[in-house]
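Enquirer: As input, take entry.cif (mmCIF, C-alpha atoms and all ligand atoms):
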```cif
data_upload
loop_
_atom_site.group_PDB
_atom_site.id
_atom_site.type_symbol
_atom_site.label_atom_id
_atom_site.label_comp_id
_atom_site.auth_asym_id
_atom_site.auth_seq_id
_atom_site.Cartn_x
_atom_site.Cartn_y
_atom_site.Cartn_z
ATOM 1 C CA MET T 983 179.003 -2.448 131.242
ATOM 2 C CA ASN T 984 181.461 0.413 130.872
ATOM 3 C CA MET T 985 181.546 2.218 134.213
ATOM 4 C CA GLN T 986 184.653 4.318 133.572
ATOM 5 C CA PRO T 987 184.550 8.083 134.125
ATOM 6 C CA VAL T 988 183.414 10.023 131.041
ATOM 7 C CA THR T 989 184.348 13.457 129.711
ATOM 8 C CA LEU T 990 181.690 15.633 128.113
ATOM 9 C CA LYS T 991 182.925 18.934 126.762
ATOM 10 C CA ASP T 992 184.870 20.575 129.624
ATOM 11 C CA LYS T 993 183.645 18.353 132.488
ATOM 12 C CA GLN T 994 184.428 14.931 133.871
ATOM 13 C CA PHE T 995 181.722 12.679 135.238
ATOM 14 C CA LYS T 996 182.025 9.637 137.494
ATOM 15 C CA PRO T 997 179.752 6.573 137.547
ATOM 16 C CA TYR T 998 176.806 7.143 139.870
ATOM 17 C CA ILE T 999 173.871 4.750 139.360
ATOM 18 C CA PRO T 1000 174.513 1.609 137.291
ATOM 19 C CA ALA T 1001 172.086 0.479 134.593
ATOM 20 C CA ASP T 1002 170.817 -2.560 136.530
ATOM 21 C CA GLU T 1003 169.909 -0.403 139.536
ATOM 22 C CA LEU T 1004 168.104 2.048 137.245
ATOM 23 C CA GLN T 1005 166.134 -0.828 135.741
ATOM 24 C CA ARG T 1006 165.097 -2.037 139.206
ATOM 25 C CA ILE T 1007 163.951 1.471 140.132
ATOM 26 C CA VAL T 1008 161.982 1.815 136.877
ATOM 27 C CA ALA T 1009 160.362 -1.611 137.257
ATOM 28 C CA ARG T 1010 159.247 -0.761 140.805
ATOM 29 C CA LEU T 1011 157.695 2.521 139.647
ATOM 30 C CA GLY T 1012 155.888 0.751 136.786
ATOM 31 C CA GLU T 1013 154.489 -1.930 139.065
ATOM 32 C CA GLN T 1014 153.363 0.652 141.621
ATOM 33 C CA ILE T 1015 151.571 2.756 138.992
ATOM 34 C CA SER T 1016 150.000 -0.310 137.364
ATOM 35 C CA SER T 1017 148.580 -1.419 140.687
ATOM 36 C CA ASP T 1018 147.397 2.077 141.740
ATOM 37 C CA TYR T 1019 145.625 2.604 138.392
ATOM 38 C CA ALA T 1020 144.166 -0.914 138.067
ATOM 39 C CA GLY T 1021 140.890 -0.723 136.117
ATOM 40 C CA LYS T 1022 141.683 2.795 134.876
ATOM 41 C CA SER T 1023 143.024 3.958 131.543
ATOM 42 C CA PRO T 1024 145.461 6.811 132.211
ATOM 43 C CA VAL T 1025 147.236 9.114 129.775
ATOM 44 C CA PHE T 1026 151.021 9.255 130.286
ATOM 45 C CA LEU T 1027 152.694 12.510 129.317
ATOM 46 C CA ILE T 1028 156.431 11.934 128.890
ATOM 47 C CA VAL T 1029 158.377 15.184 129.143
ATOM 48 C CA LEU T 1030 161.079 15.491 126.461
ATOM 49 C CA ASN T 1031 163.974 15.556 126.077
ATOM 50 C CA GLY T 1032 165.192 14.386 129.479
ATOM 51 C CA ALA T 1033 162.584 11.690 130.164
ATOM 52 C CA PHE T 1034 162.767 9.951 126.776
ATOM 53 C CA MET T 1035 164.797 6.969 127.993
ATOM 54 C CA PHE T 1036 163.154 6.693 131.400
ATOM 55 C CA GLY T 1037 159.700 7.077 129.827
ATOM 56 C CA ALA T 1038 160.350 4.357 127.238
ATOM 57 C CA ASP T 1039 161.605 1.938 129.898
ATOM 58 C CA LEU T 1040 158.802 2.829 132.318
ATOM 59 C CA MET T 1041 156.066 2.175 129.765
ATOM 60 C CA LYS T 1042 157.282 -1.417 129.329
ATOM 61 C CA HIS T 1043 156.342 -1.974 132.979
ATOM 62 C CA ILE T 1044 152.876 -0.408 132.710
ATOM 63 C CA ASP T 1045 150.339 -3.195 132.634
ATOM 64 C CA LEU T 1046 147.300 -1.054 131.741
ATOM 65 C CA THR T 1047 145.342 -0.027 128.664
ATOM 66 C CA CYS T 1048 146.687 3.478 128.309
ATOM 67 C CA ARG T 1049 147.736 6.294 125.997
ATOM 68 C CA VAL T 1050 151.186 7.895 125.791
ATOM 69 C CA SER T 1051 152.062 11.382 124.538
ATOM 70 C CA LEU T 1052 155.468 12.972 124.270
ATOM 71 C CA ILE T 1053 155.470 16.620 125.246
ATOM 72 C CA LYS T 1054 158.196 19.221 125.402
ATOM 73 C CA VAL T 1055 159.089 22.106 127.651
ATOM 74 C CA SER T 1056 162.504 23.546 128.434
ATOM 75 C CA SER T 1057 163.828 25.617 131.344
ATOM 76 C CA TYR T 1058 167.463 24.686 131.714
ATOM 77 C CA GLN T 1059 170.771 26.026 130.387
ATOM 78 C CA GLY T 1060 174.159 24.492 131.228
ATOM 79 C CA MET T 1061 174.292 23.556 134.905
ATOM 80 C CA GLN T 1062 172.092 26.373 136.205
ATOM 81 C CA SER T 1063 168.327 26.251 136.443
ATOM 82 C CA THR T 1064 166.692 29.403 135.129
ATOM 83 C CA ASN T 1065 163.336 30.850 136.002
ATOM 84 C CA THR T 1066 162.139 31.162 132.429
ATOM 85 C CA VAL T 1067 160.062 28.256 131.164
ATOM 86 C CA SER T 1068 159.231 28.130 127.460
ATOM 87 C CA GLU T 1069 156.014 27.073 125.732
ATOM 88 C CA LEU T 1070 154.594 23.588 125.941
ATOM 89 C CA ILE T 1071 154.360 21.657 122.668
ATOM 90 C CA GLY T 1072 153.101 18.228 121.657
ATOM 91 C CA LEU T 1073 149.898 17.862 123.651
ATOM 92 C CA ASN T 1074 147.540 17.239 120.754
ATOM 93 C CA GLU T 1075 144.790 15.352 122.544
ATOM 94 C CA SER T 1076 142.238 16.395 125.124
ATOM 95 C CA ILE T 1077 143.029 15.383 128.695
ATOM 96 C CA GLU T 1078 139.722 16.686 130.034
ATOM 97 C CA ASN T 1079 138.268 14.195 132.507
ATOM 98 C CA GLU T 1080 141.246 11.829 132.055
ATOM 99 C CA ASP T 1081 143.593 10.359 134.639
ATOM 100 C CA VAL T 1082 146.937 11.923 133.729
ATOM 101 C CA VAL T 1083 150.427 10.872 134.823
ATOM 102 C CA ILE T 1084 153.283 13.268 134.061
ATOM 103 C CA VAL T 1085 156.563 11.401 133.512
ATOM 104 C CA GLU T 1086 159.605 13.604 134.206
ATOM 105 C CA ASP T 1087 163.341 12.916 134.467
ATOM 106 C CA ILE T 1088 163.990 15.016 137.567
ATOM 107 C CA VAL T 1089 162.405 17.565 139.867
ATOM 108 C CA ASP T 1090 165.174 19.985 140.818
ATOM 109 C CA THR T 1091 163.932 23.452 141.887
ATOM 110 C CA GLY T 1092 160.444 22.354 140.815
ATOM 111 C CA VAL T 1093 159.912 25.395 138.571
ATOM 112 C CA THR T 1094 159.393 23.319 135.417
ATOM 113 C CA MET T 1095 156.959 20.917 137.050
ATOM 114 C CA ASP T 1096 155.052 23.735 138.736
ATOM 115 C CA HIS T 1097 154.525 25.296 135.326
ATOM 116 C CA LEU T 1098 153.438 21.961 133.828
ATOM 117 C CA LEU T 1099 151.011 21.379 136.679
ATOM 118 C CA SER T 1100 149.266 24.710 136.211
ATOM 119 C CA THR T 1101 149.159 24.234 132.424
ATOM 120 C CA PHE T 1102 147.573 20.795 132.780
ATOM 121 C CA LYS T 1103 145.197 21.738 135.600
ATOM 122 C CA ASP T 1104 143.660 24.324 133.234
ATOM 123 C CA LYS T 1105 142.772 21.438 130.914
ATOM 124 C CA LYS T 1106 140.585 19.872 133.635
ATOM 125 C CA PRO T 1107 141.902 16.308 133.948
ATOM 126 C CA LYS T 1108 140.053 13.995 136.334
ATOM 127 C CA SER T 1109 143.323 13.442 138.215
ATOM 128 C CA LEU T 1110 146.919 14.547 137.799
ATOM 129 C CA ALA T 1111 149.896 12.608 139.182
ATOM 130 C CA ILE T 1112 153.652 13.079 138.899
ATOM 131 C CA CYS T 1113 156.216 10.343 138.333
ATOM 132 C CA SER T 1114 159.820 11.562 138.454
ATOM 133 C CA LEU T 1115 162.863 9.317 138.170
ATOM 134 C CA LEU T 1116 164.971 11.604 140.376
ATOM 135 C CA PHE T 1117 164.279 14.275 142.974
ATOM 136 C CA LYS T 1118 166.717 16.790 144.520
ATOM 137 C CA PRO T 1119 165.012 17.648 147.837
ATOM 138 C CA ASP T 1120 167.697 20.175 148.855
ATOM 139 C CA LYS T 1121 166.980 22.342 145.811
ATOM 140 C CA PHE T 1122 163.194 22.034 145.798
ATOM 141 C CA THR T 1123 161.528 25.456 146.210
ATOM 142 C CA LYS T 1124 157.892 24.484 145.569
ATOM 143 C CA ASN T 1125 155.363 22.536 147.622
ATOM 144 C CA PHE T 1126 153.516 20.215 145.239
ATOM 145 C CA LYS T 1127 153.411 16.503 146.036
ATOM 146 C CA ILE T 1128 155.400 14.079 143.860
ATOM 147 C CA ASP T 1129 153.361 10.879 143.697
ATOM 148 C CA TYR T 1130 156.095 8.565 142.411
ATOM 149 C CA ILE T 1131 159.820 9.178 143.003
ATOM 150 C CA GLY T 1132 162.437 6.747 141.693
ATOM 151 C CA LYS T 1133 165.244 8.069 143.875
ATOM 152 C CA SER T 1134 166.027 11.197 145.894
ATOM 153 C CA ILE T 1135 169.579 12.410 145.315
ATOM 154 C CA PRO T 1136 171.831 15.070 146.856
ATOM 155 C CA ASN T 1137 172.408 18.348 145.085
ATOM 156 C CA GLU T 1138 174.772 17.180 142.358
ATOM 157 C CA PHE T 1139 174.616 17.433 138.606
ATOM 158 C CA VAL T 1140 173.955 14.146 136.800
ATOM 159 C CA VAL T 1141 174.177 13.022 133.166
ATOM 160 C CA GLY T 1142 173.282 9.864 131.251
ATOM 161 C CA TYR T 1143 170.065 7.883 130.859
ATOM 162 C CA GLY T 1144 168.404 10.862 129.170
ATOM 163 C CA PHE T 1145 170.076 13.575 131.267
ATOM 164 C CA ASP T 1146 172.407 15.916 129.421
ATOM 165 C CA TYR T 1147 175.211 18.360 129.972
ATOM 166 C CA GLU T 1148 174.862 21.011 127.277
ATOM 167 C CA GLY T 1149 173.173 18.483 125.026
ATOM 168 C CA TYR T 1150 175.697 15.663 125.543
ATOM 169 C CA GLY T 1151 175.464 12.427 127.494
ATOM 170 C CA ARG T 1152 171.795 11.536 127.004
ATOM 171 C CA ASN T 1153 172.707 8.245 125.313
ATOM 172 C CA LEU T 1154 174.726 6.839 128.219
ATOM 173 C CA PRO T 1155 172.907 3.790 129.646
ATOM 174 C CA CYS T 1156 173.676 4.627 133.279
ATOM 175 C CA LEU T 1157 173.876 7.757 135.418
ATOM 176 C CA TYR T 1158 177.037 9.766 136.084
ATOM 177 C CA SER T 1159 177.608 12.656 138.463
ATOM 178 C CA VAL T 1160 179.897 15.599 137.860
ATOM 179 C CA LYS T 1161 183.449 15.495 139.272
ATOM 180 C CA GLU T 1162 184.230 18.812 140.940
HETATM 181 P P1 LIG T 1201 163.693 22.483 137.649
HETATM 182 O O1 LIG T 1201 162.735 23.356 136.891
HETATM 183 O O2 LIG T 1201 164.715 23.287 138.392
HETATM 184 O O3 LIG T 1201 162.998 21.493 138.559
HETATM 185 O O4 LIG T 1201 164.547 21.717 136.591
HETATM 186 C C1 LIG T 1201 164.061 20.670 135.916
HETATM 187 C C2 LIG T 1201 164.859 20.387 134.676
HETATM 188 O O5 LIG T 1201 166.236 20.757 134.799
HETATM 189 C C3 LIG T 1201 164.851 18.907 134.451
HETATM 190 O O6 LIG T 1201 163.748 18.508 133.676
HETATM 191 C C4 LIG T 1201 166.179 18.669 133.760
HETATM 192 O O7 LIG T 1201 166.017 18.803 132.367
HETATM 193 C C5 LIG T 1201 167.085 19.760 134.268
HETATM 194 N N1 LIG T 1201 167.991 19.255 135.318
HETATM 195 C C6 LIG T 1201 167.887 19.435 136.647
HETATM 196 N N2 LIG T 1201 168.888 18.837 137.312
HETATM 197 C C7 LIG T 1201 169.653 18.238 136.359
HETATM 198 C C8 LIG T 1201 170.850 17.433 136.419
HETATM 199 O O8 LIG T 1201 171.410 17.112 137.478
HETATM 200 N N3 LIG T 1201 171.334 17.004 135.210
HETATM 201 C C9 LIG T 1201 170.749 17.311 134.023
HETATM 202 N N4 LIG T 1201 169.632 18.041 133.936
HETATM 203 C C10 LIG T 1201 169.086 18.515 135.092
#
```
Is it possible to express this structure as C-alpha cells?
Expert:
Amino acid sequence: MNMQPVTLKDKQFKPYIPADELQRIVARLGEQISSDYAGKSPVFLIVLNGAFMFGADLMKHIDLTCRVSLIKVSSYQGMQSTNTVSELIGLNESIENEDVVIVEDIVDTGVTMDHLLSTFKDKKPKSLAICSLLFKPDKFTKNFKIDYIGKSIPNEFVVGYGFDYEGYGRNLPCLYSVKE
C-alpha cells in the first residue's frame, strides 16, 4: 500500500486513514445495519459522487434483501462549504412507506444532509436513517441525529476513498488530510 504524501493540483496531502482501517470501519457499519434491520427490506440511497466507494464497500457487508439507488446532490466548491444546495437527481422509485437509509461520505456543516432529509421526509418513508462514513462535529451547525457514524474527525480537509479536492483524489484507496 502506497502511503506516501500525494499532491493534487496546488495542495499536498498526508496519509490519514489507511485502507485496512477503512475496511474495518465499513464492515462494522454494515454488520450494525444488517442486525438493526433484520427481517426488514430497506432502500439504501447512496449519495454521489462522494459516497460511491464507501457505498459500494458498505453494500457488500449488508446481509439483507434490499434495494440500492444512487442519487446526486451537490453543495461544495473547493475547500469551502457553500449554503446553496442544487437539485436532487436519480431517485426514480417511490420510497413511500419504505425503510430508507441514506449513505453519505461525510456530514460537515450538515447543510447537505439537512436538505436531503427534508426532501425525503416529504416522500413519506416509513423510517429514515443516516449512515455517514465521516462526521466533523466541530463544524456541524444542524441538530439532526446521525444513526451510523464510521468515524468522527477534527476539522480538516480530507481526500481519497471517494472524497475529492476540486474533482481529484476520489480514486485513492485510503484517506489523506491536507498539509497546511
Ligand atoms: P456539508 O453540507 O457542509 O455537510 O458538506 C457535505 C459535503 O461537503 C460532503 O458530502 C462532501 O462532498 C463535502 N465535504 C465536506 N468535507 C469534506 C472534506 O474534508 N473533503 C472533501 N469533501 C468534503
Enquirer: Can you translate the PyMOL selection byres (((not hetatm)) within 7 of (chain T and resi 1201)) into the concrete residues it hits in this file, as a PyMOL selection string?
Expert: chain T and resi 1032+1057-1058+1063+1086-1095+1138-1141+1145-1147
Enquirer: From the set T:Asn1153, T:Thr989, T:Ser1114, T:Asn1079, which residue has the shortest atom-to-atom contact distance to T:Ser1134, counting all atoms listed in the file?
Expert: T:Ser1114
Enquirer: Would you mind telling me which residue in T:Ser1109, T:Ser1100, T:Ser1159, T:Ser1051 lies nearest to T:Pro997 when using only C-alpha atoms?
Expert: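 For T:Pro997, the nearest of the given residues is T:Ser1159.
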Enquirer: Which is closest to T:Gly1142 among T:Ile1112, T:Val1029, T:Met1035, T:Cys1048, if we use all atoms listed in the file?
Expert: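 The shortest atom-to-atom distance to T:Gly1142 comes from T:Met1035.
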Enquirer: Measuring between only C-alpha atoms, which one of T:Asp1096, T:Leu1115, T:Lys1124, T:Gly1072 shows the shortest distance to T:Ala1033?
Expert: T:Leu1115
Enquirer: Could you rebuild stretch 993-1010 of chain T with N, CA, C and O atoms and give it back as an mmCIF file, in the frame of the given file?
Expert:
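This went into selection_34.cif:
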```
data_model
loop_
_atom_site.group_PDB
_atom_site.id
_atom_site.type_symbol
_atom_site.label_atom_id
_atom_site.label_comp_id
_atom_site.auth_asym_id
_atom_site.auth_seq_id
_atom_site.Cartn_x
_atom_site.Cartn_y
_atom_site.Cartn_z
ATOM 1 N N LYS T 993 183.850 18.927 131.151
ATOM 2 C CA LYS T 993 183.645 18.353 132.488
ATOM 3 C C LYS T 993 183.844 16.846 132.490
ATOM 4 O O LYS T 993 183.581 16.158 131.511
ATOM 5 N N GLN T 994 184.288 16.376 133.664
ATOM 6 C CA GLN T 994 184.428 14.931 133.871
ATOM 7 C C GLN T 994 183.296 14.457 134.751
ATOM 8 O O GLN T 994 182.878 15.156 135.697
ATOM 9 N N PHE T 995 182.829 13.254 134.470
ATOM 10 C CA PHE T 995 181.722 12.679 135.238
ATOM 11 C C PHE T 995 182.100 11.282 135.712
ATOM 12 O O PHE T 995 182.722 10.520 134.976
ATOM 13 N N LYS T 996 181.700 10.966 136.961
ATOM 14 C CA LYS T 996 182.025 9.637 137.494
ATOM 15 C C LYS T 996 180.758 8.791 137.580
ATOM 16 O O LYS T 996 179.647 9.327 137.744
ATOM 17 N N PRO T 997 180.912 7.461 137.477
ATOM 18 C CA PRO T 997 179.752 6.573 137.547
ATOM 19 C C PRO T 997 178.960 6.828 138.825
ATOM 20 O O PRO T 997 179.546 7.048 139.891
ATOM 21 N N TYR T 998 177.650 6.796 138.726
ATOM 22 C CA TYR T 998 176.806 7.143 139.870
ATOM 23 C C TYR T 998 175.739 6.078 140.146
ATOM 24 O O TYR T 998 175.715 5.483 141.218
ATOM 25 N N ILE T 999 174.865 5.826 139.180
ATOM 26 C CA ILE T 999 173.871 4.750 139.360
ATOM 27 C C ILE T 999 173.961 3.809 138.162
ATOM 28 O O ILE T 999 173.712 4.214 137.025
ATOM 29 N N PRO T 1000 174.353 2.538 138.412
ATOM 30 C CA PRO T 1000 174.513 1.609 137.291
ATOM 31 C C PRO T 1000 173.178 1.261 136.630
ATOM 32 O O PRO T 1000 172.104 1.425 137.210
ATOM 33 N N ALA T 1001 173.279 0.757 135.395
ATOM 34 C CA ALA T 1001 172.086 0.479 134.593
ATOM 35 C C ALA T 1001 171.150 -0.525 135.269
ATOM 36 O O ALA T 1001 169.930 -0.368 135.208
ATOM 37 N N ASP T 1002 171.713 -1.553 135.931
ATOM 38 C CA ASP T 1002 170.817 -2.560 136.530
ATOM 39 C C ASP T 1002 170.036 -1.975 137.701
ATOM 40 O O ASP T 1002 168.860 -2.306 137.910
ATOM 41 N N GLU T 1003 170.652 -1.057 138.441
ATOM 42 C CA GLU T 1003 169.909 -0.403 139.536
ATOM 43 C C GLU T 1003 168.812 0.501 138.967
ATOM 44 O O GLU T 1003 167.691 0.544 139.488
ATOM 45 N N LEU T 1004 169.129 1.204 137.890
ATOM 46 C CA LEU T 1004 168.104 2.048 137.245
ATOM 47 C C LEU T 1004 166.918 1.194 136.810
ATOM 48 O O LEU T 1004 165.761 1.576 137.007
ATOM 49 N N GLN T 1005 167.224 0.035 136.226
ATOM 50 C CA GLN T 1005 166.134 -0.828 135.741
ATOM 51 C C GLN T 1005 165.271 -1.337 136.886
ATOM 52 O O GLN T 1005 164.055 -1.455 136.743
ATOM 53 N N ARG T 1006 165.883 -1.600 138.035
ATOM 54 C CA ARG T 1006 165.097 -2.037 139.206
ATOM 55 C C ARG T 1006 164.189 -0.910 139.687
ATOM 56 O O ARG T 1006 163.032 -1.120 140.037
ATOM 57 N N ILE T 1007 164.729 0.306 139.705
ATOM 58 C CA ILE T 1007 163.951 1.471 140.132
ATOM 59 C C ILE T 1007 162.749 1.670 139.188
ATOM 60 O O ILE T 1007 161.610 1.871 139.616
ATOM 61 N N VAL T 1008 163.028 1.582 137.887
ATOM 62 C CA VAL T 1008 161.982 1.815 136.877
ATOM 63 C C VAL T 1008 160.900 0.731 136.965
ATOM 64 O O VAL T 1008 159.699 1.031 136.899
ATOM 65 N N ALA T 1009 161.323 -0.505 137.149
ATOM 66 C CA ALA T 1009 160.362 -1.611 137.257
ATOM 67 C C ALA T 1009 159.458 -1.407 138.473
ATOM 68 O O ALA T 1009 158.232 -1.589 138.396
ATOM 69 N N ARG T 1010 160.046 -0.993 139.587
ATOM 70 C CA ARG T 1010 159.247 -0.761 140.805
ATOM 71 C C ARG T 1010 158.219 0.342 140.574
ATOM 72 O O ARG T 1010 157.052 0.199 140.949
#
```
